[in-house]
$ cat run.cif   # mmCIF, C-alpha atoms and all ligand atoms
data_work
loop_
_atom_site.label_atom_id
_atom_site.label_comp_id
_atom_site.auth_asym_id
_atom_site.auth_seq_id
_atom_site.Cartn_x
_atom_site.Cartn_y
_atom_site.Cartn_z
CA MET N 1 97.70 35.91 39.48
CA VAL N 2 95.63 34.53 42.34
CA ASP N 3 97.28 31.56 44.03
CA ASP N 4 97.92 30.39 47.57
CA ASP N 5 101.42 29.30 46.57
CA GLU N 6 103.58 32.39 46.06
CA ASP N 7 106.38 30.26 44.56
CA ASP N 8 104.17 29.81 41.52
CA PHE N 9 104.08 33.59 41.15
CA PHE N 10 107.88 33.78 41.05
CA ILE N 11 107.87 31.06 38.38
CA LEU N 12 105.28 33.01 36.42
CA LYS N 13 107.39 36.17 36.66
CA SER N 14 110.44 34.31 35.34
CA ALA N 15 108.38 32.86 32.50
CA PHE N 16 107.14 36.33 31.54
CA GLU N 17 110.70 37.63 31.52
CA GLU N 18 111.82 34.74 29.33
CA SER N 19 108.90 35.26 26.98
CA ALA N 20 110.16 38.80 26.24
CA PHE N 21 106.74 40.08 25.19
CA SER N 22 106.65 43.33 23.24
CA PHE N 23 103.75 44.73 25.26
CA SER N 24 104.29 46.23 28.68
CA TYR N 25 102.71 44.50 31.62
CA GLN N 26 102.42 44.53 35.37
CA LEU N 27 102.02 41.31 37.34
CA ASN N 28 100.18 41.45 40.63
CA PHE N 29 99.81 38.62 43.11
CA LEU N 30 96.90 37.84 45.42
CA PRO N 31 96.83 34.84 47.78
CA ASN N 32 93.19 33.74 47.62
CA GLY N 33 89.75 34.41 46.18
CA GLN N 34 88.66 36.66 49.02
CA GLU N 35 91.59 39.02 48.38
CA LEU N 36 90.76 38.90 44.67
CA MET N 37 87.17 40.00 45.26
CA ASP N 38 88.32 42.75 47.64
CA TYR N 39 90.83 43.87 45.01
CA LEU N 40 88.30 43.86 42.15
CA ARG N 41 85.76 45.72 44.30
CA ARG N 42 88.40 48.13 45.59
CA LYS N 43 87.79 47.38 49.23
CA GLY N 44 90.10 48.38 52.08
CA LYS N 45 93.75 48.38 51.12
CA TYR N 46 92.80 48.01 47.44
CA SER N 47 90.84 51.27 47.28
CA ASP N 48 93.41 53.16 45.18
CA PRO N 49 93.09 52.32 41.45
CA ALA N 50 96.66 53.53 40.89
CA VAL N 51 97.91 50.80 43.21
CA SER N 52 95.27 48.20 42.35
CA PRO N 53 94.46 48.69 38.66
CA ARG N 54 91.75 46.65 37.01
CA PRO N 55 93.42 43.55 35.55
CA SER N 56 93.48 42.81 31.81
CA LEU N 57 93.58 39.12 32.66
CA ILE N 58 93.18 37.00 35.79
CA LEU N 59 95.16 33.79 36.21
CA LEU N 60 93.14 31.95 38.82
CA ASP N 61 94.12 28.95 40.93
CA LEU N 62 91.26 26.71 42.07
CA ASN N 63 92.27 25.32 45.44
CA MET N 64 92.92 28.11 47.94
CA PRO N 65 91.92 28.93 51.53
CA ARG N 66 89.25 31.50 52.55
CA LYS N 67 87.61 31.61 49.12
CA ASP N 68 88.60 29.18 46.41
CA GLY N 69 88.81 29.82 42.69
CA ARG N 70 85.43 28.27 41.90
CA GLU N 71 83.63 30.58 44.33
CA ALA N 72 85.54 33.66 43.16
CA LEU N 73 84.86 32.83 39.50
CA SER N 74 81.19 32.34 40.27
CA GLU N 75 81.03 35.79 41.91
CA ILE N 76 82.88 37.39 39.01
CA ASN N 77 80.50 35.71 36.58
CA ARG N 78 77.46 37.13 38.40
CA ASP N 79 78.82 40.69 38.28
CA PRO N 80 78.04 42.40 34.94
CA ASP N 81 81.11 44.65 35.24
CA LEU N 82 83.65 42.09 36.44
CA ARG N 83 82.59 39.34 34.05
CA GLU N 84 84.17 41.34 31.20
CA ILE N 85 87.63 40.53 32.60
CA PRO N 86 89.04 37.38 30.98
CA VAL N 87 89.82 34.62 33.48
CA VAL N 88 92.20 31.73 32.81
CA ILE N 89 92.18 28.85 35.28
CA PHE N 90 95.73 27.93 36.25
CA THR N 91 95.77 24.97 38.59
CA THR N 92 97.29 21.62 39.48
CA SER N 93 93.86 20.11 38.84
CA SER N 94 93.14 18.33 35.60
CA ALA N 95 89.71 17.12 36.69
CA GLU N 96 87.11 17.11 33.96
CA GLU N 97 84.44 18.40 36.38
CA ASP N 98 86.59 21.46 37.13
CA LYS N 99 87.03 22.09 33.41
CA VAL N 100 83.29 21.88 32.78
CA LEU N 101 82.36 23.94 35.84
CA THR N 102 84.82 26.76 35.12
CA ARG N 103 83.91 26.85 31.42
CA ASN N 104 80.27 27.22 32.41
CA LEU N 105 81.26 30.05 34.75
CA GLY N 106 82.92 31.93 31.90
CA ALA N 107 86.62 31.06 32.18
CA ILE N 108 88.24 31.45 28.75
CA ASP N 109 90.83 28.71 29.28
CA PHE N 110 91.88 25.97 31.69
CA VAL N 111 95.60 25.25 32.10
CA THR N 112 97.06 22.52 34.26
CA LYS N 113 100.27 23.95 35.71
CA PRO N 114 103.29 22.63 33.80
CA SER N 115 106.26 21.23 35.69
CA SER N 116 108.91 23.39 34.02
CA ILE N 117 109.39 27.09 33.29
CA ASP N 118 110.16 26.26 29.65
CA ASP N 119 106.75 24.62 29.29
CA LEU N 120 105.13 27.63 30.93
CA VAL N 121 106.91 29.97 28.50
CA GLU N 122 105.52 27.91 25.61
CA ILE N 123 102.03 28.13 27.10
CA LEU N 124 102.25 31.90 27.55
CA LYS N 125 103.59 32.46 24.06
CA GLY N 126 101.14 30.05 22.49
CA ASN N 127 98.16 31.80 24.07
CA SER N 128 99.41 35.38 24.04
CA ASP N 129 97.17 36.54 21.16
CA LYS N 130 94.12 35.32 23.02
CA TRP N 131 95.05 36.06 26.63
CA PHE N 132 96.86 39.37 26.32
CA ARG N 133 94.68 41.00 23.73
CA GLY N 134 93.80 43.72 26.20
CA CYS N 135 97.42 44.40 27.18
MG MG R 201 96.37 26.19 45.32
#
$ encode --input "run.cif" --output "structure tokens"
Amino acid sequence: MVDDDEDDFFILKSAFEESAFSFSYQLNFLPNGQELMDYLRRKGKYSDPAVSPRPSLILLDLNMPRKDGREALSEINRDPDLREIPVVIFTTSSAEEDKVLTRNLGAIDFVTKPSSIDDLVEILKGNSDKWFRGC
């Protein structure tokens, strides 16, 4: 998960625990698009693949400092290797222009953050076949 609000990561973790998926998973948190690109390109503190494994799925917020989700997605989309990683937009935005833009940049889904953990659990379970195929 890439999000400038770490509270949303703790909510996501709780939702994963409640979902009780049968596959094993590891959730990693990054605070903005710049850290995501450094992570994916194994720069600096992300150089060790054992510590920074390639993600099976990226949950990407849109509005973040340093590099926002639109810019990061655009960079991922231009990289033949990174564009294979499925990206789901996970944001407070519900703007049609963001939906169109991110779809055109290859995002597989666009989710407006729900207000409750129960709703998030339903979203995770409802999309698990599609999102976690590689897990
Ligand atoms: Mg944000």
$ closest_atom_pairs --input "run.cif" --of "chain N" --to "ligand MG 201 (chain R)" --cutoff "8 Å" --atoms "only C-alpha atoms and all ligand atoms" --output "JSON lines"
{"residue": "N:Asp3", "atom": "CA", "partner": "R:MG201", "partner_atom": "MG", "distance": 5.6}
{"residue": "N:Asp4", "atom": "CA", "partner": "R:MG201", "partner_atom": "MG", "distance": 5.0}
{"residue": "N:Asp5", "atom": "CA", "partner": "R:MG201", "partner_atom": "MG", "distance": 6.1}
{"residue": "N:Asp61", "atom": "CA", "partner": "R:MG201", "partner_atom": "MG", "distance": 5.7}
{"residue": "N:Leu62", "atom": "CA", "partner": "R:MG201", "partner_atom": "MG", "distance": 6.1}
{"residue": "N:Asn63", "atom": "CA", "partner": "R:MG201", "partner_atom": "MG", "distance": 4.2}
{"residue": "N:Met64", "atom": "CA", "partner": "R:MG201", "partner_atom": "MG", "distance": 4.7}
{"residue": "N:Thr91", "atom": "CA", "partner": "R:MG201", "partner_atom": "MG", "distance": 6.9}
{"residue": "N:Thr92", "atom": "CA", "partner": "R:MG201", "partner_atom": "MG", "distance": 7.5}
$ write_last_selection --input "run.cif" --atoms "C-alpha atoms" --output "PDB file, keeping the file's coordinate frame"
ATOM      1  CA  ASP N   3      97.280  31.560  44.030  1.00  0.00           C
ATOM      2  CA  ASP N   4      97.920  30.390  47.570  1.00  0.00           C
ATOM      3  CA  ASP N   5     101.420  29.300  46.570  1.00  0.00           C
ATOM      4  CA  ASP N  61      94.120  28.950  40.930  1.00  0.00           C
ATOM      5  CA  LEU N  62      91.260  26.710  42.070  1.00  0.00           C
ATOM      6  CA  ASN N  63      92.270  25.320  45.440  1.00  0.00           C
ATOM      7  CA  MET N  64      92.920  28.110  47.940  1.00  0.00           C
ATOM      8  CA  THR N  91      95.770  24.970  38.590  1.00  0.00           C
ATOM      9  CA  THR N  92      97.290  21.620  39.480  1.00  0.00           C
TER      10      THR N  92
END
$ residues_near_point --input "run.cif" --point "(98.6, 48.6, 24.1)" --cutoff "8 Å" --atoms "all atoms listed in the file" --output "PyMOL selection string"
chain N and resi 23-24+134-135
$ atom_distance --input "run.cif" --atom1 "atom CA of N:Val121" --atom2 "atom CA of N:Phe9"
13.5 Å
$ atom_distance --input "run.cif" --atom1 "atom CA of N:Gly126" --atom2 "atom CA of N:Leu59"
15.4 Å
$ atom_distance --input "run.cif" --atom1 "atom CA of N:Leu27" --atom2 "atom CA of N:Leu12"
9.0 Å
$ axis_aligned_box --input "run.cif" --around "stretch 46-55 of chain N" --padding-each-side "4 Å" --output "JSON"
{"center_x": 94.4, "center_y": 48.5, "center_z": 41.5, "size_x": 15.1, "size_y": 18.0, "size_z": 19.9}
$ residues_around --input "run.cif" --residues "N:Tyr39" --least-positions-apart "4" --cutoff "10 Å" --atoms "all atoms listed in the file" --output "PDB file with C-alpha atoms, in the coordinates of the input"
ATOM      1  CA  LEU N  30      96.900  37.840  45.420  1.00  0.00           C
ATOM      2  CA  GLY N  33      89.750  34.410  46.180  1.00  0.00           C
ATOM      3  CA  GLN N  34      88.660  36.660  49.020  1.00  0.00           C
ATOM      4  CA  GLU N  35      91.590  39.020  48.380  1.00  0.00           C
ATOM      5  CA  LYS N  43      87.790  47.380  49.230  1.00  0.00           C
ATOM      6  CA  GLY N  44      90.100  48.380  52.080  1.00  0.00           C
ATOM      7  CA  LYS N  45      93.750  48.380  51.120  1.00  0.00           C
ATOM      8  CA  TYR N  46      92.800  48.010  47.440  1.00  0.00           C
ATOM      9  CA  SER N  47      90.840  51.270  47.280  1.00  0.00           C
ATOM     10  CA  ASP N  48      93.410  53.160  45.180  1.00  0.00           C
ATOM     11  CA  PRO N  49      93.090  52.320  41.450  1.00  0.00           C
ATOM     12  CA  SER N  52      95.270  48.200  42.350  1.00  0.00           C
ATOM     13  CA  PRO N  53      94.460  48.690  38.660  1.00  0.00           C
ATOM     14  CA  ARG N  54      91.750  46.650  37.010  1.00  0.00           C
ATOM     15  CA  PRO N  55      93.420  43.550  35.550  1.00  0.00           C
TER      16      PRO N  55
END
$ closest_residue --input "run.cif" --among "N:Leu36, N:Arg42, N:Leu57, N:Ser94" --to "N:Ser128" --atoms "only C-alpha atoms"
N:Leu57
$ residues_around --input "run.cif" --residues "stretch 95-99 of chain N" --least-positions-apart "4" --cutoff "9 Å" --atoms "only C-alpha atoms" --output "PyMOL selection string"
chain N and resi 62+70+89+103-104+109-110
$ closest_residue --input "run.cif" --among "N:Thr102, N:Ser19, N:Ser56, N:Gln26" --to "N:Leu40" --atoms "only C-alpha atoms"
N:Ser56
$ residues_around --input "run.cif" --residues "N:Asn77" --least-positions-apart "5" --cutoff "9 Å" --atoms "only C-alpha atoms" --output "PyMOL selection string"
chain N and resi 72+82-84+105-107
$ build_atoms --input "run.cif" --residues "stretch 61-80 of chain N" --atoms "N, CA and C atoms" --output "compact mmCIF listing (two decimals), in the coordinates of the input"
# COMPACT_ATOMS: atom_id res chain seq x y z
N ASP N 61 93.97 30.29 40.35
CA ASP N 61 94.12 28.95 40.93
C ASP N 61 92.75 28.49 41.43
N LEU N 62 92.56 27.20 41.58
CA LEU N 62 91.26 26.71 42.07
C LEU N 62 91.28 26.45 43.56
N ASN N 63 92.28 25.71 44.04
CA ASN N 63 92.27 25.32 45.44
C ASN N 63 93.06 26.31 46.29
N MET N 64 92.33 27.07 47.07
CA MET N 64 92.92 28.11 47.94
C MET N 64 92.08 28.24 49.20
N PRO N 65 92.68 28.70 50.29
CA PRO N 65 91.92 28.93 51.53
C PRO N 65 91.04 30.18 51.43
N ARG N 66 90.16 30.36 52.40
CA ARG N 66 89.25 31.50 52.55
C ARG N 66 88.17 31.52 51.47
N LYS N 67 88.58 31.73 50.22
CA LYS N 67 87.61 31.61 49.12
C LYS N 67 88.34 30.99 47.96
N ASP N 68 87.85 29.86 47.46
CA ASP N 68 88.60 29.18 46.41
C ASP N 68 88.27 29.76 45.04
N GLY N 69 88.95 29.26 44.02
CA GLY N 69 88.81 29.82 42.69
C GLY N 69 87.42 29.62 42.09
N ARG N 70 86.77 28.53 42.43
CA ARG N 70 85.43 28.27 41.90
C ARG N 70 84.44 29.31 42.42
N GLU N 71 84.53 29.58 43.73
CA GLU N 71 83.63 30.58 44.33
C GLU N 71 83.90 31.97 43.77
N ALA N 72 85.19 32.33 43.67
CA ALA N 72 85.54 33.66 43.16
C ALA N 72 85.07 33.80 41.71
N LEU N 73 85.28 32.77 40.90
CA LEU N 73 84.86 32.83 39.50
C LEU N 73 83.34 32.96 39.40
N SER N 74 82.65 32.26 40.26
CA SER N 74 81.19 32.34 40.27
C SER N 74 80.72 33.76 40.60
N GLU N 75 81.38 34.40 41.56
CA GLU N 75 81.03 35.79 41.91
C GLU N 75 81.34 36.75 40.77
N ILE N 76 82.49 36.53 40.15
CA ILE N 76 82.88 37.39 39.01
C ILE N 76 81.85 37.25 37.90
N ASN N 77 81.45 36.01 37.66
CA ASN N 77 80.50 35.71 36.58
C ASN N 77 79.13 36.35 36.82
N ARG N 78 78.78 36.53 38.08
CA ARG N 78 77.46 37.13 38.40
C ARG N 78 77.50 38.65 38.39
N ASP N 79 78.69 39.23 38.24
CA ASP N 79 78.82 40.69 38.28
C ASP N 79 78.99 41.20 36.85
N PRO N 80 78.02 41.98 36.34
CA PRO N 80 78.04 42.40 34.94
C PRO N 80 79.31 43.17 34.56
